[in-house]
file final_30.txt (compact mmCIF, N, CA and C atoms)
# COMPACT_ATOMS: atom_id res chain seq x y z
N MET A 1 0.82 -1.19 0.00
CA MET A 1 0.00 0.00 0.00
C MET A 1 0.87 1.26 0.00
N ILE A 2 1.81 1.35 0.93
CA ILE A 2 2.69 2.51 1.00
C ILE A 2 3.59 2.55 -0.24
N SER A 3 4.06 1.38 -0.67
CA SER A 3 4.93 1.35 -1.85
C SER A 3 4.20 1.85 -3.08
N ARG A 4 2.91 1.56 -3.20
CA ARG A 4 2.13 2.05 -4.34
C ARG A 4 1.99 3.57 -4.30
N ALA A 5 1.78 4.12 -3.11
CA ALA A 5 1.65 5.57 -2.97
C ALA A 5 2.98 6.26 -3.30
N VAL A 6 4.09 5.71 -2.82
CA VAL A 6 5.40 6.27 -3.12
C VAL A 6 5.70 6.16 -4.61
N ASN A 7 5.33 5.03 -5.20
CA ASN A 7 5.52 4.84 -6.64
C ASN A 7 4.74 5.89 -7.43
N LEU A 8 3.51 6.17 -7.02
CA LEU A 8 2.70 7.19 -7.68
C LEU A 8 3.31 8.59 -7.52
N LEU A 9 3.84 8.88 -6.35
CA LEU A 9 4.49 10.18 -6.14
C LEU A 9 5.67 10.36 -7.10
N PHE A 10 6.49 9.34 -7.23
CA PHE A 10 7.60 9.40 -8.17
C PHE A 10 7.09 9.58 -9.60
N TYR A 11 6.05 8.83 -9.95
CA TYR A 11 5.48 8.90 -11.30
C TYR A 11 4.99 10.33 -11.60
N PHE A 12 4.24 10.92 -10.68
CA PHE A 12 3.70 12.25 -10.93
C PHE A 12 4.79 13.32 -10.93
N TYR A 13 5.83 13.16 -10.14
CA TYR A 13 6.92 14.12 -10.16
C TYR A 13 7.68 14.04 -11.48
N ASN A 14 7.91 12.82 -11.96
CA ASN A 14 8.52 12.64 -13.29
C ASN A 14 7.67 13.30 -14.36
N LEU A 15 6.37 13.08 -14.28
CA LEU A 15 5.44 13.66 -15.24
C LEU A 15 5.48 15.19 -15.18
N LEU A 16 5.56 15.74 -13.99
CA LEU A 16 5.63 17.18 -13.81
C LEU A 16 6.90 17.75 -14.46
N ILE A 17 8.01 17.05 -14.31
CA ILE A 17 9.26 17.49 -14.94
C ILE A 17 9.14 17.43 -16.47
N ILE A 18 8.52 16.39 -16.98
CA ILE A 18 8.34 16.26 -18.43
C ILE A 18 7.45 17.38 -18.96
N ILE A 19 6.37 17.68 -18.26
CA ILE A 19 5.50 18.78 -18.66
C ILE A 19 6.27 20.09 -18.63
N ARG A 20 7.09 20.28 -17.60
CA ARG A 20 7.92 21.49 -17.49
C ARG A 20 8.85 21.61 -18.69
N ILE A 21 9.42 20.50 -19.13
CA ILE A 21 10.31 20.52 -20.30
C ILE A 21 9.54 21.01 -21.53
N PHE A 22 8.37 20.44 -21.77
CA PHE A 22 7.61 20.83 -22.95
C PHE A 22 7.15 22.28 -22.87
N LEU A 23 6.83 22.75 -21.70
CA LEU A 23 6.37 24.13 -21.56
C LEU A 23 7.49 25.14 -21.81
N THR A 24 8.74 24.74 -21.62
CA THR A 24 9.83 25.67 -21.90
C THR A 24 9.97 25.93 -23.39
N TRP A 25 9.37 25.11 -24.21
CA TRP A 25 9.42 25.32 -25.66
C TRP A 25 8.41 26.38 -26.12
N ILE A 26 7.52 26.80 -25.22
CA ILE A 26 6.53 27.81 -25.55
C ILE A 26 7.07 29.15 -25.05
N PRO A 27 7.43 30.05 -25.95
CA PRO A 27 8.12 31.28 -25.53
C PRO A 27 7.25 32.30 -24.79
N ASN A 28 5.94 32.24 -24.92
CA ASN A 28 5.08 33.28 -24.35
C ASN A 28 4.60 32.98 -22.93
N ILE A 29 5.10 31.95 -22.32
CA ILE A 29 4.63 31.60 -20.98
C ILE A 29 5.23 32.55 -19.95
N ASP A 30 4.37 33.07 -19.10
CA ASP A 30 4.82 33.91 -17.99
C ASP A 30 4.98 33.01 -16.77
N TRP A 31 6.21 32.69 -16.42
CA TRP A 31 6.49 31.74 -15.35
C TRP A 31 6.18 32.30 -13.96
N MET A 32 5.78 33.55 -13.89
CA MET A 32 5.40 34.15 -12.61
C MET A 32 3.90 33.99 -12.33
N GLN A 33 3.13 33.57 -13.32
CA GLN A 33 1.69 33.37 -13.17
C GLN A 33 1.39 31.91 -12.83
N GLN A 34 0.29 31.71 -12.11
CA GLN A 34 -0.14 30.34 -11.80
C GLN A 34 -0.78 29.73 -13.04
N PRO A 35 -0.68 28.47 -13.29
CA PRO A 35 -0.08 27.40 -12.49
C PRO A 35 1.41 27.22 -12.74
N TYR A 36 1.97 28.03 -13.65
CA TYR A 36 3.38 27.86 -14.01
C TYR A 36 4.33 28.15 -12.85
N ALA A 37 4.01 29.14 -12.04
CA ALA A 37 4.86 29.47 -10.89
C ALA A 37 4.88 28.32 -9.90
N GLY A 38 3.75 27.67 -9.69
CA GLY A 38 3.69 26.51 -8.80
C GLY A 38 4.51 25.36 -9.33
N MET A 39 4.41 25.12 -10.64
CA MET A 39 5.18 24.04 -11.26
C MET A 39 6.67 24.34 -11.15
N ARG A 40 7.03 25.59 -11.38
CA ARG A 40 8.43 25.99 -11.28
C ARG A 40 8.96 25.83 -9.87
N SER A 41 8.15 26.19 -8.88
CA SER A 41 8.60 26.08 -7.49
C SER A 41 8.75 24.63 -7.05
N LEU A 42 8.02 23.72 -7.69
CA LEU A 42 8.13 22.30 -7.36
C LEU A 42 9.30 21.62 -8.07
N THR A 43 9.57 22.02 -9.31
CA THR A 43 10.57 21.30 -10.10
C THR A 43 11.95 21.95 -10.10
N ASP A 44 12.02 23.27 -10.05
CA ASP A 44 13.32 23.94 -10.18
C ASP A 44 14.33 23.63 -9.09
N PRO A 45 13.93 23.50 -7.82
CA PRO A 45 14.96 23.15 -6.81
C PRO A 45 15.69 21.83 -7.13
N PHE A 46 14.95 20.84 -7.60
CA PHE A 46 15.57 19.56 -7.96
C PHE A 46 16.39 19.70 -9.24
N LEU A 47 15.84 20.39 -10.24
CA LEU A 47 16.56 20.57 -11.50
C LEU A 47 17.82 21.42 -11.33
N ASN A 48 17.79 22.37 -10.42
CA ASN A 48 18.95 23.24 -10.21
C ASN A 48 20.17 22.48 -9.69
N ILE A 49 19.94 21.37 -9.02
CA ILE A 49 21.05 20.52 -8.59
C ILE A 49 21.85 20.07 -9.81
N PHE A 50 21.14 19.66 -10.85
CA PHE A 50 21.79 19.15 -12.05
C PHE A 50 22.30 20.28 -12.94
N ARG A 51 21.63 21.42 -12.91
CA ARG A 51 22.11 22.58 -13.66
C ARG A 51 23.43 23.07 -13.10
N GLY A 52 23.66 22.87 -11.82
CA GLY A 52 24.94 23.24 -11.22
C GLY A 52 26.06 22.31 -11.66
N VAL A 53 25.73 21.06 -11.94
CA VAL A 53 26.74 20.10 -12.37
C VAL A 53 27.03 20.26 -13.86
N ILE A 54 25.96 20.32 -14.66
CA ILE A 54 26.09 20.48 -16.11
C ILE A 54 25.25 21.68 -16.52
N PRO A 55 25.90 22.82 -16.73
CA PRO A 55 25.13 24.01 -17.10
C PRO A 55 24.55 23.87 -18.50
N PRO A 56 23.50 24.63 -18.80
CA PRO A 56 22.92 24.59 -20.15
C PRO A 56 23.96 24.97 -21.20
N ILE A 57 23.89 24.27 -22.32
CA ILE A 57 24.80 24.52 -23.43
C ILE A 57 24.00 25.27 -24.49
N GLY A 58 24.16 26.58 -24.55
CA GLY A 58 23.37 27.39 -25.47
C GLY A 58 21.90 27.31 -25.07
N MET A 59 21.07 26.84 -25.98
CA MET A 59 19.64 26.70 -25.72
C MET A 59 19.28 25.30 -25.23
N LEU A 60 20.28 24.42 -25.09
CA LEU A 60 20.03 23.03 -24.71
C LEU A 60 20.36 22.81 -23.24
N ASP A 61 19.35 22.40 -22.49
CA ASP A 61 19.51 22.11 -21.06
C ASP A 61 19.23 20.62 -20.85
N ILE A 62 20.27 19.86 -20.53
CA ILE A 62 20.09 18.43 -20.36
C ILE A 62 19.88 18.03 -18.90
N SER A 63 19.80 19.01 -18.01
CA SER A 63 19.60 18.71 -16.60
C SER A 63 18.31 17.92 -16.34
N PRO A 64 17.20 18.17 -17.05
CA PRO A 64 16.00 17.36 -16.79
C PRO A 64 16.19 15.88 -17.13
N ILE A 65 17.02 15.60 -18.13
CA ILE A 65 17.27 14.19 -18.49
C ILE A 65 17.98 13.49 -17.33
N LEU A 66 18.99 14.15 -16.79
CA LEU A 66 19.71 13.57 -15.65
C LEU A 66 18.80 13.45 -14.44
N ALA A 67 17.95 14.44 -14.23
CA ALA A 67 17.02 14.41 -13.09
C ALA A 67 16.05 13.24 -13.22
N ILE A 68 15.52 13.02 -14.41
CA ILE A 68 14.57 11.92 -14.62
C ILE A 68 15.26 10.58 -14.44
N ILE A 69 16.47 10.45 -14.94
CA ILE A 69 17.22 9.19 -14.77
C ILE A 69 17.43 8.91 -13.29
N LEU A 70 17.87 9.92 -12.53
CA LEU A 70 18.09 9.73 -11.10
C LEU A 70 16.79 9.40 -10.37
N LEU A 71 15.71 10.08 -10.73
CA LEU A 71 14.42 9.79 -10.10
C LEU A 71 13.98 8.35 -10.35
N GLN A 72 14.20 7.87 -11.57
CA GLN A 72 13.80 6.50 -11.88
C GLN A 72 14.66 5.48 -11.13
N ILE A 73 15.94 5.79 -10.96
CA ILE A 73 16.80 4.90 -10.17
C ILE A 73 16.35 4.89 -8.72
N LEU A 74 16.12 6.08 -8.15
CA LEU A 74 15.64 6.16 -6.77
C LEU A 74 14.28 5.49 -6.59
N GLN A 75 13.42 5.65 -7.57
CA GLN A 75 12.10 5.02 -7.52
C GLN A 75 12.25 3.50 -7.45
N GLY A 76 13.10 2.95 -8.29
CA GLY A 76 13.32 1.50 -8.27
C GLY A 76 13.87 1.01 -6.95
N ILE A 77 14.82 1.75 -6.40
CA ILE A 77 15.44 1.35 -5.13
C ILE A 77 14.44 1.47 -3.98
N ILE A 78 13.80 2.62 -3.86
CA ILE A 78 12.92 2.86 -2.71
C ILE A 78 11.67 1.99 -2.77
N VAL A 79 11.03 1.92 -3.94
CA VAL A 79 9.81 1.11 -4.06
C VAL A 79 10.14 -0.37 -3.89
N GLY A 80 11.28 -0.80 -4.44
CA GLY A 80 11.71 -2.19 -4.25
C GLY A 80 11.96 -2.51 -2.80
N TRP A 81 12.58 -1.58 -2.09
CA TRP A 81 12.85 -1.76 -0.67
C TRP A 81 11.54 -1.84 0.13
N LEU A 82 10.60 -0.93 -0.19
CA LEU A 82 9.30 -0.96 0.51
C LEU A 82 8.54 -2.24 0.21
N ASN A 83 8.62 -2.73 -1.02
CA ASN A 83 7.97 -3.99 -1.36
C ASN A 83 8.59 -5.15 -0.61
N SER A 84 9.92 -5.13 -0.46
CA SER A 84 10.58 -6.23 0.26
C SER A 84 10.19 -6.22 1.75
N LEU A 85 9.84 -5.05 2.27
CA LEU A 85 9.38 -4.96 3.66
C LEU A 85 7.90 -5.31 3.79
N GLY A 86 7.25 -5.49 2.66
CA GLY A 86 5.82 -5.82 2.69
C GLY A 86 4.93 -4.61 2.88
N LEU A 87 5.45 -3.44 2.59
CA LEU A 87 4.67 -2.23 2.77
C LEU A 87 4.08 -1.86 1.43
call {"tool": "encode", "arguments": {"input": "final_30.txt", "output": "structure tokens"}}
result
Amino acid sequence: MISRAVNLLFYFYNLLIIIRIFLTWIPNIDWMQQPYAGMRSLTDPFLNIFRGVIPPIGMLDISPILAIILLQILQGIIVGWLNSLGL
């Protein structure tokens, strides 16, 4: 039960990052308006970790790719661990 909830949290956070990626391709978005400001406040702290390691190259920012890969690895480890505990 708990492992399913944690799995869903990881899934929705991954989805939120993917939506954020696609929205950056739309030049007219005002990131200070809702719901974009809320999405930015949820995703940017995590993405900024990777932007500090690999800065954007011109218009190409690969930090979300690294973030998604790490999230999927953590999801596998944490959900697998919770399943092994029977949670």
call {"tool": "closest_residue", "arguments": {"input": "final_30.txt", "among": "A:Ile17, A:Ile2, A:Leu42, A:Ile26", "to": "Ser63 of chain A", "atoms": "only C-alpha atoms"}}
result
A:Ile17
call {"tool": "residues_around", "arguments": {"input": "final_30.txt", "residues": "Gly86 of chain A", "least_positions_apart": "5", "cutoff": "8 Å", "atoms": "only N, CA and C atoms", "output": "list in words"}}
result
Met1, Ile2, Ser3, Gly80 and Trp81 of chain A
call {"tool": "axis_aligned_box", "arguments": {"input": "final_30.txt", "around": "segment 67-78 of chain A", "padding_each_side": "5 Å", "output": "lines of an AutoDock Vina configuration file"}}
result
center_x = 14.9
center_y = 7.7
center_z = -8.8
size_x = 16.4
size_y = 23.4
size_z = 22.2
call {"tool": "select_by_dssp", "arguments": {"input": "final_30.txt", "residues": "chain A", "states": "alpha helix (DSSP H)", "output": "PyMOL selection string"}}
result
chain A and resi 2-23+36-53+63-84
call {"tool": "residues_around", "arguments": {"input": "final_30.txt", "residues": "segment 13-15 of chain A", "least_positions_apart": "3", "cutoff": "8 Å", "atoms": "all atoms listed in the file", "output": "list in words"}}
result
Asn7, Leu8, Leu9, Phe10, Ile18, Ile19, Arg20, Ile21, Thr43, Ala67, Ile68, Leu71 and Gln72 of chain A
call {"tool": "atom_distance", "arguments": {"input": "final_30.txt", "atom1": "atom CA of Asp44 of chain A", "atom2": "atom CA of Pro56 of chain A"}}
result
13.9 Å
call {"tool": "atom_distance", "arguments": {"input": "final_30.txt", "atom1": "atom CA of Ile78 of chain A", "atom2": "atom CA of Ile65 of chain A"}}
result
19.9 Å
call {"tool": "closest_residue", "arguments": {"input": "final_30.txt", "among": "A:Leu16, A:Gln33, A:Gln75, A:Leu23", "to": "Leu47 of chain A", "atoms": "only C-alpha atoms"}}
result
A:Leu16
